[in-house]
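Enquirer: Sharing a structure, written as structure tokens. Questions coming.
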Amino acid sequence: MEAALADLRRTTRAAVCAECGKCTAVCPLAACGGFSARAIACQHLDEEIAGNGIGLRRCLTCGSCDLRCPQGVRFMELVRGVRELSPR
């Protein structure tokens, strides 16, 4: 699982997140409170997988974060990958 997670971080560019918050600023769930694409991608990915990806399961997969990210982090690909890695 560690190798899969490391590969996911690399292929989705989550490892290069600058934590600027632009993804969270355009996220409809973040506007409602309690969800931060940036925090999950950059800080809490291991916890998401350990906790069954519950935070990422709330993601609407609207793609706004992907469009807004200046670093090119592919958050939608990250969400799908974590959902596949997480036990249900």
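Quick note on naming: the chains in the structure tokens go A, B, ... in the order shown, residues restart at 1 in each chain, and ligands are numbered from 1 in order of appearance.
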Do you know which residues are at most 10 Å from range 56-60 of chain A counting only C-alpha atoms, after dropping those on the same chain fewer than 6 positions away, and could you put them as an MDAnalysis selection string?

Expert: chainID A and resid 27:30 35:37 40:41 45 48:49 76 78:80 82:83

Enquirer: Just the residues within 7 Å of range 4-19 of chain A, please, counting only C-alpha atoms, with nothing from its chain fewer than 4 positions along; format it as a short mmCIF file (atom, residue, chain, number, x, y, z; two decimals) with N, CA and C atoms, in the first residue's frame.

Expert:
```
data_model
loop_
_atom_site.label_atom_id
_atom_site.label_comp_id
_atom_site.auth_asym_id
_atom_site.auth_seq_id
_atom_site.Cartn_x
_atom_site.Cartn_y
_atom_site.Cartn_z
N ARG A 38 -6.85 21.06 -0.48
CA ARG A 38 -5.44 21.30 -0.22
C ARG A 38 -4.96 20.49 0.98
N ALA A 41 -4.88 16.72 0.09
CA ALA A 41 -3.85 16.36 -0.87
C ALA A 41 -2.45 16.51 -0.30
N CYS A 42 -2.24 17.52 0.51
CA CYS A 42 -0.88 17.83 0.96
C CYS A 42 -0.54 17.34 2.35
N GLN A 71 -0.03 24.59 -9.81
CA GLN A 71 1.04 23.59 -9.83
C GLN A 71 0.69 22.37 -10.68
N GLY A 72 -0.55 22.31 -11.13
CA GLY A 72 -0.98 21.18 -11.96
C GLY A 72 -1.25 19.91 -11.19
N VAL A 73 -1.59 20.04 -9.89
CA VAL A 73 -1.96 18.86 -9.11
C VAL A 73 -3.26 18.33 -9.69
N ARG A 74 -3.28 17.03 -9.98
CA ARG A 74 -4.47 16.40 -10.56
C ARG A 74 -5.30 15.80 -9.42
N PHE A 75 -6.07 16.67 -8.79
CA PHE A 75 -6.80 16.27 -7.60
C PHE A 75 -7.86 15.22 -7.92
N GLU A 77 -7.79 12.83 -10.10
CA GLU A 77 -7.10 11.55 -10.21
C GLU A 77 -6.70 11.06 -8.81
N LEU A 78 -6.30 11.97 -7.97
CA LEU A 78 -5.93 11.64 -6.59
C LEU A 78 -7.15 11.11 -5.83
N GLY A 81 -7.95 7.64 -7.02
CA GLY A 81 -6.93 6.70 -6.54
C GLY A 81 -7.08 6.37 -5.08
#
```

Enquirer: When you draw a straight line from CA of Cys65 in chain A to CA of Ala25 in chain A, how long is it in Å?

Expert: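 Interatomic distance, CA of Cys65 in chain A to CA of Ala25 in chain A: 8.5 Å.
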
Enquirer: Identify which of the residues A:Ala31, A:Leu85, A:Val26, A:Ala39 lies closest to Gly63 in chain A, counting only C-alpha atoms when measuring atom-to-atom distances.

Expert: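 For Gly63 in chain A, the nearest of the candidates is A:Val26.
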
Enquirer: Have a look at CA of Thr24 in chain A and CA of Ser64 in chain A and let me know their distance in Å, one decimal.

Expert: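 It comes out at 9.2 Å.
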
Enquirer: Quick one, how far is CA of Gly33 in chain A from CA of Thr61 in chain A?

Expert: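 Between these atoms lies a distance of 16.6 Å.
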
Enquirer: Based on the backbone DSSP call, show me all residues of chain A assigned helix (DSSP H, G or I), as an MDAnalysis selection string.

Expert: chainID A and resid 2:11 14:16 22:26 28:32 37:42 45:50 54:57 64:68 75:85

Enquirer: How would the residues just picked look written out with C-alpha atoms as a PDB file, in the first residue's frame?

Expert:
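And here is the file that came out, result-v8.pdb:
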```pdb
ATOM      1  CA  GLU A   2       2.889   2.390   0.774  1.00  0.00           C
ATOM      2  CA  ALA A   3       4.263   1.955  -2.732  1.00  0.00           C
ATOM      3  CA  ALA A   4       0.849   2.564  -4.266  1.00  0.00           C
ATOM      4  CA  LEU A   5       0.399   5.710  -2.198  1.00  0.00           C
ATOM      5  CA  ALA A   6       3.852   7.018  -3.120  1.00  0.00           C
ATOM      6  CA  ASP A   7       3.113   6.342  -6.779  1.00  0.00           C
ATOM      7  CA  LEU A   8      -0.237   8.114  -6.489  1.00  0.00           C
ATOM      8  CA  ARG A   9       1.424  11.163  -4.927  1.00  0.00           C
ATOM      9  CA  ARG A  10       3.947  11.249  -7.751  1.00  0.00           C
ATOM     10  CA  THR A  11       1.599  10.659 -10.697  1.00  0.00           C
ATOM     11  CA  ALA A  14       0.310  15.983  -5.059  1.00  0.00           C
ATOM     12  CA  ALA A  15       3.933  16.043  -3.923  1.00  0.00           C
ATOM     13  CA  VAL A  16       4.453  19.441  -5.601  1.00  0.00           C
ATOM     14  CA  LYS A  22      -6.577  28.140  -4.635  1.00  0.00           C
ATOM     15  CA  CYS A  23      -8.159  24.698  -4.943  1.00  0.00           C
ATOM     16  CA  THR A  24      -9.972  25.114  -1.653  1.00  0.00           C
ATOM     17  CA  ALA A  25     -11.084  28.624  -2.631  1.00  0.00           C
ATOM     18  CA  VAL A  26     -13.065  27.273  -5.612  1.00  0.00           C
ATOM     19  CA  PRO A  28     -18.126  24.076  -3.392  1.00  0.00           C
ATOM     20  CA  LEU A  29     -17.741  21.761  -0.380  1.00  0.00           C
ATOM     21  CA  ALA A  30     -15.169  24.046   1.210  1.00  0.00           C
ATOM     22  CA  ALA A  31     -17.687  26.882   0.972  1.00  0.00           C
ATOM     23  CA  CYS A  32     -19.986  24.790   3.190  1.00  0.00           C
ATOM     24  CA  ALA A  37      -8.822  19.788  -1.018  1.00  0.00           C
ATOM     25  CA  ARG A  38      -5.437  21.296  -0.217  1.00  0.00           C
ATOM     26  CA  ALA A  39      -5.268  19.846   3.280  1.00  0.00           C
ATOM     27  CA  ILE A  40      -6.226  16.386   2.097  1.00  0.00           C
ATOM     28  CA  ALA A  41      -3.847  16.359  -0.872  1.00  0.00           C
ATOM     29  CA  CYS A  42      -0.877  17.832   0.961  1.00  0.00           C
ATOM     30  CA  LEU A  45      -3.562  11.681   2.553  1.00  0.00           C
ATOM     31  CA  ASP A  46      -2.334   8.855   4.818  1.00  0.00           C
ATOM     32  CA  GLU A  47      -5.128   9.582   7.294  1.00  0.00           C
ATOM     33  CA  GLU A  48      -7.697   9.561   4.497  1.00  0.00           C
ATOM     34  CA  ILE A  49      -6.715   6.067   3.449  1.00  0.00           C
ATOM     35  CA  ALA A  50      -6.573   4.811   7.038  1.00  0.00           C
ATOM     36  CA  ILE A  54     -14.378   9.392   4.129  1.00  0.00           C
ATOM     37  CA  GLY A  55     -13.303  12.983   3.488  1.00  0.00           C
ATOM     38  CA  LEU A  56     -12.559  12.277  -0.139  1.00  0.00           C
ATOM     39  CA  ARG A  57     -15.785  10.347  -0.568  1.00  0.00           C
ATOM     40  CA  SER A  64     -12.821  22.988 -10.098  1.00  0.00           C
ATOM     41  CA  CYS A  65      -9.682  22.304  -8.077  1.00  0.00           C
ATOM     42  CA  ASP A  66      -7.884  20.756 -11.063  1.00  0.00           C
ATOM     43  CA  LEU A  67      -8.675  23.760 -13.222  1.00  0.00           C
ATOM     44  CA  ARG A  68      -7.501  26.257 -10.620  1.00  0.00           C
ATOM     45  CA  PHE A  75      -6.802  16.272  -7.604  1.00  0.00           C
ATOM     46  CA  MET A  76      -9.555  14.329  -9.382  1.00  0.00           C
ATOM     47  CA  GLU A  77      -7.099  11.546 -10.206  1.00  0.00           C
ATOM     48  CA  LEU A  78      -5.933  11.642  -6.591  1.00  0.00           C
ATOM     49  CA  VAL A  79      -9.510  11.338  -5.304  1.00  0.00           C
ATOM     50  CA  ARG A  80     -10.216   8.358  -7.518  1.00  0.00           C
ATOM     51  CA  GLY A  81      -6.926   6.703  -6.545  1.00  0.00           C
ATOM     52  CA  VAL A  82      -7.517   7.125  -2.823  1.00  0.00           C
ATOM     53  CA  ARG A  83     -11.052   5.821  -3.184  1.00  0.00           C
ATOM     54  CA  GLU A  84      -9.635   2.684  -4.834  1.00  0.00           C
ATOM     55  CA  LEU A  85      -6.949   2.228  -2.151  1.00  0.00           C
TER      56      LEU A  85
END
```
